[in-house]
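Data first, discussion second: the structure below is written as structure tokens.
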Amino acid sequence: MAYWLVKSEPAVYSWDHLVKEGNTCWSGVRNYAARNNLMNMKKGDALFFYYSNEGLEIVGIAKVIKEYYPDPTTEDKRWVAVDIEPVQKFKKPVTLSMIKGDNQLSEMVLINNSRLSVQPVNRKEWIAVLKLAGEK
């Protein structure tokens, strides 16, 4: 299993939207690096759900339930989507400030390439974020 982080603006698509819908098509990605990350996702991979622009925090965990397919929001064949579903909301969100303050997370893509909307997370980083959230 691999680990990832996906970003969403809470006013556009929030964790609560995902929970209410039960699953969603993660579409609309128009960055090649982010697209390549979507293409590398496998069914069952885990995702951190991060609020960008407002909030700036990881609020929960989702998982990939369908591997990449053509993005239904465009006719351009270069772009893909995956389907995800919620797994667990954090009792204590992990803020960007908390992440930046943790030495174990100093190499995290979120810090070093903050504009990338879909990014890998390594196992060490995954575990460190879970600890910051007070999760097992």
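To be explicit about the labels: the chains of the structure tokens are called A, B, and onward in the order shown, and within each one the residues are counted from 1, while ligands get numbers from 1 in the order they are shown.
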
Write down as a list in words the residues belonging to stretch 2-36 of chain A that are assigned strand (DSSP E or B) by DSSP computed on the backbone.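 The residues of stretch 2-36 of chain A classed as strand (DSSP E or B) are Tyr3, Trp4, Leu5, Val6, Lys7, Ser8, Thr24, Cys25 and Trp26 of chain A.
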
Please dump the current selection as a JSON list (two decimals), in the first residue's frame; keep N, CA and C atoms.
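Below is the file that was written, result12.json:
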[["chain", "number", "residue", "atom", "x", "y", "z"],
["A", 3, "TYR", "N", 0.94, 5.68, 0.21],
["A", 3, "TYR", "CA", 0.29, 6.78, 0.93],
["A", 3, "TYR", "C", 0.37, 8.05, 0.10],
["A", 4, "TRP", "N", -0.67, 8.85, 0.20],
["A", 4, "TRP", "CA", -0.79, 10.06, -0.61],
["A", 4, "TRP", "C", -1.43, 11.16, 0.21],
["A", 5, "LEU", "N", -1.40, 12.36, -0.34],
["A", 5, "LEU", "CA", -2.12, 13.50, 0.21],
["A", 5, "LEU", "C", -2.83, 14.18, -0.95],
["A", 6, "VAL", "N", -4.12, 14.46, -0.77],
["A", 6, "VAL", "CA", -4.88, 15.22, -1.76],
["A", 6, "VAL", "C", -5.38, 16.49, -1.08],
["A", 7, "LYS", "N", -5.42, 17.55, -1.88],
["A", 7, "LYS", "CA", -5.82, 18.86, -1.35],
["A", 7, "LYS", "C", -7.17, 19.27, -1.91],
["A", 8, "SER", "N", -7.94, 19.93, -1.07],
["A", 8, "SER", "CA", -9.20, 20.52, -1.49],
["A", 8, "SER", "C", -9.47, 21.77, -0.67],
["A", 24, "THR", "N", -16.34, 9.77, -3.98],
["A", 24, "THR", "CA", -16.34, 10.80, -5.02],
["A", 24, "THR", "C", -15.29, 10.49, -6.07],
["A", 25, "CYS", "N", -15.50, 11.07, -7.22],
["A", 25, "CYS", "CA", -14.52, 11.05, -8.30],
["A", 25, "CYS", "C", -13.57, 12.23, -8.03],
["A", 26, "TRP", "N", -12.27, 11.93, -7.84],
["A", 26, "TRP", "CA", -11.28, 12.98, -7.63],
["A", 26, "TRP", "C", -10.80, 13.44, -8.99]]

Hey, what's within 8 Å of A:Glu9 if we count only C-alpha atoms and toss same-chain stuff fewer than 6 positions away? As JSON, numbers by chain, please? {"A": [51, 52, 53, 54]}

Go ahead and dump the residues you just picked, N, CA and C atoms, as a PDB file, in the first residue's frame.
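Dumped everything to again.pdb:
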ATOM      1  N   TYR A  51      -6.965  20.382   3.749  1.00  0.00           N
ATOM      2  CA  TYR A  51      -7.638  21.632   3.389  1.00  0.00           C
ATOM      3  C   TYR A  51      -6.597  22.661   2.969  1.00  0.00           C
ATOM      4  N   SER A  52      -6.687  23.115   1.728  1.00  0.00           N
ATOM      5  CA  SER A  52      -5.780  24.141   1.234  1.00  0.00           C
ATOM      6  C   SER A  52      -6.465  25.496   1.253  1.00  0.00           C
ATOM      7  N   ASN A  53      -5.670  26.525   1.170  1.00  0.00           N
ATOM      8  CA  ASN A  53      -6.097  27.930   1.159  1.00  0.00           C
ATOM      9  C   ASN A  53      -6.730  28.375   2.465  1.00  0.00           C
ATOM     10  N   GLU A  54      -7.763  27.724   2.934  1.00  0.00           N
ATOM     11  CA  GLU A  54      -8.312  28.050   4.252  1.00  0.00           C
ATOM     12  C   GLU A  54      -8.280  26.787   5.092  1.00  0.00           C
TER      13      GLU A  54
END

Fewer than 5 positions away in the same chain doesn't count, so skip those; otherwise give me all residues within 10 Å of stretch 71-76 of chain A, counting only C-alpha atoms, as an mmCIF file with C-alpha atoms, in the first residue's frame.
data_model
loop_
_atom_site.group_PDB
_atom_site.id
_atom_site.type_symbol
_atom_site.label_atom_id
_atom_site.label_comp_id
_atom_site.auth_asym_id
_atom_site.auth_seq_id
_atom_site.Cartn_x
_atom_site.Cartn_y
_atom_site.Cartn_z
ATOM 1 C CA CYS A 25 -14.518 11.054 -8.297
ATOM 2 C CA TRP A 26 -11.278 12.984 -7.627
ATOM 3 C CA SER A 27 -11.204 14.943 -10.867
ATOM 4 C CA GLY A 28 -10.183 18.320 -12.220
ATOM 5 C CA VAL A 29 -6.450 17.857 -11.673
ATOM 6 C CA ALA A 81 -9.372 10.823 -12.091
ATOM 7 C CA VAL A 82 -9.601 8.257 -9.289
#

If you run DSSP on this backbone, which residues of stretch 20-101 of chain A come out as alpha helix (DSSP H), and could you give them as a PyMOL selection string? chain A and resi 20-21+32-40+96-100
